[in-house]
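Data from final-v7.cif: mmCIF, C-alpha atoms
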```
data_work
loop_
_atom_site.label_atom_id
_atom_site.label_comp_id
_atom_site.auth_asym_id
_atom_site.auth_seq_id
_atom_site.Cartn_x
_atom_site.Cartn_y
_atom_site.Cartn_z
CA MET K 1338 -21.51 51.76 -36.34
CA ARG K 1339 -17.96 52.53 -35.33
CA LEU K 1340 -19.12 53.19 -31.76
CA ILE K 1341 -21.00 49.89 -31.68
CA ALA K 1342 -18.01 48.05 -33.13
CA LEU K 1343 -15.71 49.69 -30.61
CA SER K 1344 -18.05 48.70 -27.75
CA ALA K 1345 -18.14 45.14 -29.02
CA LEU K 1346 -14.35 45.04 -29.19
CA LEU K 1347 -14.12 46.39 -25.65
CA LEU K 1348 -16.56 43.74 -24.43
CA LEU K 1349 -14.58 41.02 -26.21
CA ALA K 1350 -11.35 42.33 -24.73
CA ALA K 1351 -12.90 42.41 -21.25
CA ALA K 1352 -14.23 38.88 -21.70
CA GLN K 1353 -10.82 37.68 -22.86
CA ALA K 1354 -9.13 39.40 -19.93
CA PHE K 1355 -11.61 37.75 -17.56
CA ALA K 1356 -11.02 34.37 -19.17
CA ASP K 1357 -7.29 34.88 -18.95
CA SER K 1358 -7.54 35.80 -15.28
CA GLN K 1359 -9.68 32.75 -14.60
CA GLU K 1360 -7.24 30.52 -16.45
CA GLY K 1361 -4.38 32.10 -14.51
CA ALA K 1362 -6.18 31.46 -11.22
CA VAL K 1363 -6.77 27.82 -12.15
CA THR K 1364 -3.12 27.43 -13.13
CA GLN K 1365 -2.04 28.88 -9.79
CA MET K 1366 -4.37 26.53 -7.92
CA ARG K 1367 -3.11 23.54 -9.91
CA GLU K 1368 0.51 24.42 -9.16
CA ALA K 1369 -0.13 25.15 -5.46
CA CYS K 1370 -2.09 21.91 -5.15
CA ALA K 1371 0.89 19.95 -6.47
CA LYS K 1372 3.81 21.88 -5.01
CA SER K 1373 2.93 24.04 -2.02
CA ASP K 1374 5.10 23.40 1.05
CA MET K 1375 2.39 24.84 3.31
CA PRO K 1376 -0.18 22.12 4.19
CA GLN K 1377 -3.19 24.40 4.54
CA ALA K 1378 -2.32 26.28 1.35
CA ARG K 1379 -2.11 22.94 -0.47
CA ILE K 1380 -5.46 21.83 0.93
CA ASP K 1381 -7.14 25.11 -0.07
CA ALA K 1382 -5.60 25.07 -3.54
CA CYS K 1383 -6.62 21.46 -4.22
CA THR K 1384 -10.16 22.10 -3.00
CA GLY K 1385 -10.42 25.24 -5.13
CA PHE K 1386 -9.07 23.40 -8.19
CA ILE K 1387 -11.53 20.51 -7.76
CA GLU K 1388 -14.50 22.87 -7.36
CA ALA K 1389 -13.50 25.17 -10.22
CA VAL K 1390 -12.44 22.63 -12.84
CA ARG K 1391 -14.44 19.53 -11.86
CA PRO K 1392 -11.61 17.27 -13.06
CA GLN K 1393 -12.19 13.62 -13.84
CA GLY K 1394 -10.21 10.40 -13.79
CA ARG K 1395 -6.51 10.55 -13.00
CA GLU K 1396 -6.52 14.34 -12.78
CA LEU K 1397 -9.12 14.18 -10.01
CA ALA K 1398 -7.24 11.35 -8.34
CA GLN K 1399 -4.05 13.41 -8.31
CA ALA K 1400 -5.80 16.45 -6.80
CA LEU K 1401 -7.40 14.28 -4.12
CA TYR K 1402 -4.07 12.63 -3.37
CA GLN K 1403 -2.31 15.99 -2.98
CA ARG K 1404 -5.07 17.27 -0.72
CA GLY K 1405 -4.76 14.11 1.36
CA ALA K 1406 -1.03 14.73 1.65
CA GLY K 1407 -1.81 18.21 2.96
CA HIS K 1408 -4.17 16.81 5.59
CA ALA K 1409 -1.57 14.21 6.62
CA ALA K 1410 1.07 16.93 6.98
CA ARG K 1411 -1.29 18.75 9.36
CA GLY K 1412 -1.77 15.56 11.39
CA ASP K 1413 -5.40 15.15 10.30
CA TYR K 1414 -5.01 11.48 9.36
CA ASP K 1415 -8.72 10.62 9.33
CA THR K 1416 -9.40 13.19 6.61
CA ALA K 1417 -6.22 12.17 4.80
CA VAL K 1418 -7.49 8.57 4.66
CA GLN K 1419 -10.76 9.80 3.16
CA ASP K 1420 -8.96 11.70 0.38
CA PHE K 1421 -6.52 8.87 -0.36
CA THR K 1422 -9.43 6.42 -0.51
CA GLN K 1423 -11.30 8.65 -2.95
CA ALA K 1424 -8.14 9.03 -5.05
CA LEU K 1425 -7.80 5.25 -5.25
CA LYS K 1426 -11.33 4.95 -6.63
CA PHE K 1427 -10.19 6.89 -9.69
CA ALA K 1428 -6.63 5.52 -9.82
CA PRO K 1429 -6.70 2.08 -8.14
CA ASN K 1430 -3.00 1.37 -8.72
CA SER K 1431 -1.68 4.70 -7.48
CA THR K 1432 1.40 3.68 -5.51
CA ASP K 1433 1.64 7.10 -3.89
CA ALA K 1434 -1.95 6.97 -2.60
CA LEU K 1435 -1.55 3.41 -1.32
CA TYR K 1436 1.74 4.17 0.43
CA ASN K 1437 0.46 7.32 2.09
CA ARG K 1438 -2.90 5.84 3.07
CA GLY K 1439 -0.97 3.01 4.70
CA GLY K 1440 1.06 5.60 6.57
CA ALA K 1441 -2.07 7.46 7.67
CA TYR K 1442 -3.67 4.22 8.88
CA ALA K 1443 -0.49 3.46 10.83
CA ARG K 1444 -0.55 6.90 12.47
CA LEU K 1445 -4.09 6.15 13.56
CA GLY K 1446 -3.06 2.78 14.99
CA ARG K 1447 -5.16 0.97 12.40
CA TRP K 1448 -2.42 -1.58 11.88
CA ASN K 1449 -4.29 -4.23 9.90
CA GLU K 1450 -5.56 -1.70 7.37
CA ALA K 1451 -2.06 -0.26 7.03
CA LEU K 1452 -0.70 -3.76 6.51
CA ALA K 1453 -3.27 -4.46 3.78
CA ASP K 1454 -2.18 -1.33 1.88
CA TYR K 1455 1.51 -2.19 2.12
CA ASP K 1456 0.84 -5.80 1.09
CA LYS K 1457 -1.02 -4.61 -2.00
CA LEU K 1458 1.67 -2.07 -2.80
CA LEU K 1459 4.40 -4.72 -2.63
CA GLN K 1460 2.44 -6.79 -5.13
CA VAL K 1461 2.75 -3.85 -7.54
CA ALA K 1462 6.33 -2.89 -6.60
CA PRO K 1463 7.85 -5.93 -4.83
CA ASN K 1464 11.32 -4.46 -4.35
CA ASP K 1465 10.39 -1.07 -2.96
CA ALA K 1466 12.62 -0.56 0.07
CA ASP K 1467 10.51 2.25 1.55
CA THR K 1468 7.41 0.04 1.58
CA HIS K 1469 9.31 -2.86 3.14
CA TYR K 1470 10.55 -0.46 5.82
CA ALA K 1471 7.06 0.88 6.48
CA ARG K 1472 5.60 -2.63 6.60
CA ALA K 1473 8.34 -3.71 9.02
CA TRP K 1474 7.19 -1.01 11.44
CA VAL K 1475 3.57 -2.18 11.16
CA HIS K 1476 4.56 -5.83 11.64
CA ALA K 1477 6.52 -4.82 14.73
CA GLN K 1478 3.50 -3.00 16.18
CA LEU K 1479 1.44 -6.15 15.63
CA GLY K 1480 4.05 -8.23 17.45
CA LYS K 1481 5.07 -10.03 14.25
CA ASP K 1482 8.79 -9.69 14.85
CA LYS K 1483 9.82 -12.43 12.40
CA ALA K 1484 7.92 -10.74 9.58
CA ALA K 1485 9.29 -7.33 10.57
CA ILE K 1486 12.86 -8.65 10.53
CA ALA K 1487 12.25 -10.24 7.12
CA ASP K 1488 11.13 -6.86 5.74
CA LEU K 1489 14.21 -5.16 7.16
CA ASP K 1490 16.35 -7.93 5.64
CA ARG K 1491 15.02 -6.86 2.25
CA VAL K 1492 15.83 -3.21 2.99
CA ILE K 1493 19.38 -4.02 4.09
CA GLU K 1494 19.95 -6.35 1.12
CA ARG K 1495 19.43 -3.34 -1.13
CA ALA K 1496 21.21 -0.85 1.14
CA PRO K 1497 23.74 -2.68 3.38
CA ASP K 1498 24.85 0.55 5.02
CA ASP K 1499 21.37 1.78 6.00
CA GLN K 1500 22.11 2.70 9.62
CA GLU K 1501 18.50 3.29 10.61
CA ALA K 1502 17.45 -0.12 9.29
CA LEU K 1503 20.37 -1.81 11.04
CA LEU K 1504 19.46 -0.13 14.33
CA ASP K 1505 15.81 -1.15 14.03
CA ARG K 1506 16.62 -4.71 13.00
CA GLY K 1507 19.05 -4.99 15.89
CA GLY K 1508 16.35 -3.90 18.33
CA LEU K 1509 13.88 -6.38 16.88
CA ASN K 1510 16.47 -9.14 17.05
CA ILE K 1511 16.85 -8.46 20.78
CA ARG K 1512 13.08 -8.55 21.23
CA ALA K 1513 12.95 -11.85 19.33
CA GLY K 1514 15.73 -13.33 21.46
CA ARG K 1515 18.14 -13.45 18.51
CA TYR K 1516 21.04 -11.97 20.44
CA ASP K 1517 23.89 -13.00 18.14
CA ALA K 1518 22.08 -11.44 15.18
CA ALA K 1519 21.55 -8.28 17.21
CA ILE K 1520 25.24 -8.16 18.13
CA ARG K 1521 26.14 -8.40 14.44
CA ASP K 1522 23.74 -5.59 13.52
CA PHE K 1523 25.03 -3.23 16.20
CA GLY K 1524 28.63 -4.21 15.44
CA ARG K 1525 28.08 -3.29 11.81
CA LEU K 1526 26.60 0.03 12.92
CA LEU K 1527 29.70 0.77 14.95
CA GLU K 1528 31.86 -0.04 11.94
CA LEU K 1529 29.89 2.49 9.92
CA ASP K 1530 29.81 5.07 12.72
CA PRO K 1531 32.29 4.51 15.58
CA LYS K 1532 30.54 7.27 17.54
CA ALA K 1533 27.14 5.57 17.51
CA ALA K 1534 26.43 5.51 21.24
CA ALA K 1535 23.03 3.85 20.74
CA ALA K 1536 24.66 0.95 18.88
CA ALA K 1537 27.17 0.39 21.70
CA TYR K 1538 24.43 0.58 24.34
CA ASN K 1539 22.14 -1.85 22.56
CA ARG K 1540 24.93 -4.29 21.75
CA GLY K 1541 25.63 -4.23 25.48
CA ARG K 1542 22.00 -5.19 26.11
CA ALA K 1543 22.36 -8.18 23.77
CA HIS K 1544 25.59 -9.32 25.44
CA TYR K 1545 23.98 -8.89 28.87
CA ALA K 1546 20.96 -10.97 27.85
CA LYS K 1547 23.42 -13.73 26.85
CA GLN K 1548 25.05 -13.34 30.29
CA ASP K 1549 28.27 -12.32 28.56
CA PHE K 1550 28.93 -9.72 31.22
CA LYS K 1551 32.50 -8.98 30.16
CA ASN K 1552 31.50 -7.83 26.67
CA ALA K 1553 28.38 -6.16 28.08
CA ALA K 1554 30.54 -4.11 30.46
CA ALA K 1555 32.85 -3.13 27.60
CA ASP K 1556 29.91 -1.98 25.48
CA PHE K 1557 28.24 0.00 28.27
CA ALA K 1558 31.58 1.64 29.05
CA LEU K 1559 31.90 2.57 25.37
CA ALA K 1560 28.35 3.92 25.32
CA LEU K 1561 29.14 6.03 28.38
CA LYS K 1562 32.33 7.29 26.77
CA LEU K 1563 30.45 8.28 23.63
CA ARG K 1564 27.61 9.88 25.56
CA ALA K 1565 28.56 10.81 29.10
CA ASP K 1566 25.06 12.07 29.97
CA ASN K 1567 23.38 8.64 29.65
CA PRO K 1568 22.60 7.53 33.23
CA TYR K 1569 21.19 4.23 32.01
CA ALA K 1570 24.57 3.31 30.52
CA ALA K 1571 26.13 4.05 33.92
CA LEU K 1572 23.57 1.88 35.71
CA ARG K 1573 23.91 -1.01 33.28
CA LEU K 1574 27.71 -0.80 33.41
CA HIS K 1575 27.45 -1.03 37.20
CA LEU K 1576 25.25 -4.14 36.87
CA ALA K 1577 27.60 -5.84 34.40
CA GLN K 1578 30.62 -5.03 36.58
CA SER K 1579 28.79 -6.38 39.63
CA HIS K 1580 28.30 -9.73 37.92
CA LEU K 1581 32.05 -9.75 37.28
CA GLY K 1582 32.81 -8.82 40.87
CA LYS K 1583 34.31 -5.52 39.75
CA ALA K 1584 31.64 -2.94 40.62
CA ASP K 1585 32.99 0.62 40.63
CA SER K 1586 30.99 3.13 42.67
CA ALA K 1587 32.52 5.94 40.64
CA VAL K 1588 30.46 4.76 37.65
CA LEU K 1589 27.20 5.34 39.54
CA LYS K 1590 28.41 8.67 40.89
CA LYS K 1591 29.15 9.80 37.36
CA GLY K 1592 25.63 8.89 36.31
CA ILE K 1593 24.09 10.59 39.34
CA ASP K 1594 26.05 13.78 38.74
CA THR K 1595 24.51 14.16 35.27
CA LEU K 1596 20.99 14.47 36.72
CA ASP K 1597 19.11 17.08 38.73
CA PRO K 1598 17.96 15.87 42.20
CA MET K 1599 14.33 15.21 41.19
CA ILE K 1600 14.99 13.89 37.67
CA TRP K 1601 14.41 10.20 36.95
CA PRO K 1602 16.33 7.89 37.04
CA ARG K 1603 18.46 9.63 39.67
CA PRO K 1604 16.45 8.09 42.58
CA LEU K 1605 17.13 4.66 41.08
CA LEU K 1606 20.86 5.26 40.73
CA GLU K 1607 21.00 6.62 44.27
CA LEU K 1608 19.31 3.45 45.51
CA PHE K 1609 22.01 1.36 43.85
CA ALA K 1610 24.60 3.66 45.39
CA GLY K 1611 23.30 2.76 48.86
CA THR K 1612 20.55 5.22 49.83
CA GLY K 1613 16.80 4.62 50.05
CA THR K 1614 14.74 1.42 49.92
CA ASP K 1615 12.89 -0.54 47.24
CA PRO K 1616 9.40 0.06 48.71
CA ALA K 1617 10.01 3.80 49.09
CA LEU K 1618 11.13 4.02 45.48
CA ILE K 1619 8.03 2.18 44.19
CA ALA K 1620 5.76 4.29 46.42
CA GLY K 1621 7.23 7.46 44.96
CA ILE K 1622 6.69 6.21 41.42
CA ASN K 1623 3.06 5.35 42.18
CA GLU K 1624 2.49 9.02 43.02
CA LEU K 1625 3.45 10.08 39.48
CA PRO K 1626 0.76 11.09 36.95
CA PRO K 1627 -0.67 8.01 35.20
CA GLU K 1628 0.76 8.97 31.80
CA GLN K 1629 4.30 8.94 33.24
CA ARG K 1630 3.95 6.01 35.60
CA ALA K 1631 4.00 2.94 33.34
CA ASP K 1632 7.43 3.41 31.78
CA VAL K 1633 9.10 4.63 34.99
CA LEU K 1634 7.61 1.78 37.03
CA CYS K 1635 8.70 -0.75 34.40
CA GLU K 1636 12.26 0.57 34.48
CA ALA K 1637 12.37 0.45 38.27
CA GLN K 1638 10.98 -3.09 38.41
CA TYR K 1639 13.51 -4.37 35.91
CA TYR K 1640 16.53 -2.84 37.63
CA LEU K 1641 15.29 -3.85 41.07
CA GLY K 1642 14.96 -7.38 39.72
CA GLU K 1643 18.59 -7.28 38.60
CA ARG K 1644 19.57 -5.93 42.02
CA ALA K 1645 17.71 -8.75 43.77
CA LEU K 1646 19.36 -11.28 41.48
CA LEU K 1647 22.80 -9.97 42.38
CA LYS K 1648 21.88 -10.48 46.05
CA GLY K 1649 20.86 -14.09 45.36
CA GLU K 1650 17.16 -13.34 45.94
CA LYS K 1651 15.82 -15.26 42.96
CA LYS K 1652 12.14 -15.29 43.90
CA LYS K 1653 12.14 -11.56 44.52
CA ALA K 1654 13.98 -11.06 41.23
CA ARG K 1655 11.41 -13.15 39.35
CA ASP K 1656 8.56 -11.16 40.88
CA TYR K 1657 10.11 -7.87 39.78
CA PHE K 1658 10.89 -9.19 36.29
CA ALA K 1659 7.37 -10.59 35.91
CA ALA K 1660 5.87 -7.23 36.87
CA ALA K 1661 8.08 -5.36 34.40
CA ALA K 1662 7.41 -7.89 31.62
CA GLY K 1663 3.67 -7.98 32.23
CA GLY K 1664 2.90 -4.27 32.39
CA ALA K 1665 1.93 -2.04 29.49
CA SER K 1666 5.09 -0.11 28.74
CA THR K 1667 7.10 1.23 25.83
CA ALA K 1668 10.33 1.11 27.87
CA ILE K 1669 13.05 -1.19 26.53
CA GLU K 1670 13.29 -2.63 30.05
CA HIS K 1671 9.92 -4.25 29.30
CA ILE K 1672 11.74 -6.34 26.67
CA ASP K 1673 14.79 -6.95 28.84
CA ALA K 1674 12.62 -8.15 31.73
CA LYS K 1675 11.22 -10.91 29.52
CA ALA K 1676 14.73 -12.03 28.68
CA ALA K 1677 15.66 -11.93 32.37
CA LEU K 1678 12.68 -14.13 33.27
CA ALA K 1679 13.87 -16.74 30.80
CA ARG K 1680 17.28 -17.00 32.47
CA VAL K 1681 16.06 -16.93 36.09
CA LYS K 1682 14.53 -20.33 36.77
#
```
Mind converting the file's structure to structure tokens?
Amino acid sequence: MRLIALSALLLLAAAQAFADSQEGAVTQMREACAKSDMPQARIDACTGFIEAVRPQGRELAQALYQRGAGHAARGDYDTAVQDFTQALKFAPNSTDALYNRGGAYARLGRWNEALADYDKLLQVAPNDADTHYARAWVHAQLGKDKAAIADLDRVIERAPDDQEALLDRGGLNIRAGRYDAAIRDFGRLLELDPKAAAAAYNRGRAHYAKQDFKNAAADFALALKLRADNPYAALRLHLAQSHLGKADSAVLKKGIDTLDPMIWPRPLLELFAGTGTDPALIAGINELPPEQRADVLCEAQYYLGERALLKGEKKKARDYFAAAAGGASTAIEHIDAKAALARVK
């Protein structure tokens, strides 16, 4: 009897040890699912937890959300959307799942679906600055600049010194043709950070679009002082000075000297410095790989339009500006060409 009792105790102890080990494994999976900094480890832990425990309700929603976050961190946004969507079935008002699904949709270029998530989220949390910021980006991608600026207004109301929001709103104000507002945004940025070369450069763009060439030249000179390796600041300073009748060839030379012989935009700066021709420059750009061509061609067309305008060749300038404004490009010269078209009648 004692032997049987001892065997039973050993079996019970083994069963308890097994149960403890299983419980420990589940605890580890639960913690890794919620906290792991390694995306694949988080995905594996969440999957293991869901399969082992078969959680329900909010617990399942949380595990699905965390697994979705792991997929998003790996750049697998399609799968992340699937997990966030499943999580929302069990927790329809999960702000985290809505926010991150909106972000995943945005990464996939599914702008309207991202917008719907952010709209719903702002109904639940109307003053959330992060959501307003995210929605501003989506509005901007949809070409809804007024709505994007309104969202950034809300962000800046709550955080007046948010430099990233000020920079983005300033850029959108330029795109919307609200140059005075852009100048205020970039001026505020320079108050917050006197070394903000991007703020000086973009304020110069706004002044230039207003044909305030004196202040544009001052801003481009400041941008070049703050960041000497910006050839575009050198080229734009040359343009602003040319409108004032004070072009300094040393400015172009400084920009050229920062670039290797075959690095864009050195050929463009050299053209302004007096070598090469417009057709040869465009022909060279057309030989670039397609994925590089659009932005480079847009830049060239815009600056060649400005060059033609300085020479009094208005029709030629309009043709260049129209080409730069009409092409598919992410270059800021695409925006500036539209402004130039408006002032060249």
Find the residues near Asp1498 (chain K): any atom within 9 Å, counting only C-alpha atoms, skip ones fewer than 3 places away on the same chain, and give them as a list of chain:residue names.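 Using only C-alpha atoms, the neighbours found are K:Ile1493, K:Glu1501, K:Ala1502, K:Leu1503, K:Arg1525, K:Leu1526, K:Leu1529.
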On this structure, which residues satisfy the PyMOL selection byres ((chain K and resi 1506-1519) around 9), written as a list in words?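 Here the PyMOL selection byres ((chain K and resi 1506-1519) around 9) matches Ala1477, Asp1482, Lys1483, Ala1485, Ile1486, Leu1489, Asp1490, Glu1501, Ala1502, Leu1503, Leu1504, Asp1505, Ile1520, Arg1521, Asp1522, Phe1523, Gly1524, Ala1536, Asn1539, Arg1540, Arg1542, Ala1543, His1544, Ala1546, Lys1547, Ile1672, Asp1673, Lys1675 and Ala1676 of chain K.
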Produce a file of the selected residues containing C-alpha atoms, as a compact mmCIF listing (two decimals), in the frame of the given file.
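result-v6.txt, freshly written:
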```txt
# COMPACT_ATOMS: atom_id res chain seq x y z
CA ALA K 1477 6.52 -4.82 14.73
CA ASP K 1482 8.79 -9.69 14.85
CA LYS K 1483 9.82 -12.43 12.40
CA ALA K 1485 9.29 -7.33 10.57
CA ILE K 1486 12.86 -8.65 10.53
CA LEU K 1489 14.21 -5.16 7.16
CA ASP K 1490 16.35 -7.93 5.64
CA GLU K 1501 18.50 3.29 10.61
CA ALA K 1502 17.45 -0.12 9.29
CA LEU K 1503 20.37 -1.81 11.04
CA LEU K 1504 19.46 -0.13 14.33
CA ASP K 1505 15.81 -1.15 14.03
CA ILE K 1520 25.24 -8.16 18.13
CA ARG K 1521 26.14 -8.40 14.44
CA ASP K 1522 23.74 -5.59 13.52
CA PHE K 1523 25.03 -3.23 16.20
CA GLY K 1524 28.63 -4.21 15.44
CA ALA K 1536 24.66 0.95 18.88
CA ASN K 1539 22.14 -1.85 22.56
CA ARG K 1540 24.93 -4.29 21.75
CA ARG K 1542 22.00 -5.19 26.11
CA ALA K 1543 22.36 -8.18 23.77
CA HIS K 1544 25.59 -9.32 25.44
CA ALA K 1546 20.96 -10.97 27.85
CA LYS K 1547 23.42 -13.73 26.85
CA ILE K 1672 11.74 -6.34 26.67
CA ASP K 1673 14.79 -6.95 28.84
CA LYS K 1675 11.22 -10.91 29.52
CA ALA K 1676 14.73 -12.03 28.68
```
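Rounded to one decimal, CA of Asn1449 (chain K) and CA of Arg1404 (chain K) lie 24.0 Å from each other.
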Residues selected by the PyMOL selection byres ((chain K and resi 1666) around 10), written as number ranges by chain: K: 1630-1636, 1661-1665, 1667-1672
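In this structure, CA of Gly1592 (chain K) sits 20.8 Å away from CA of Ala1617 (chain K).
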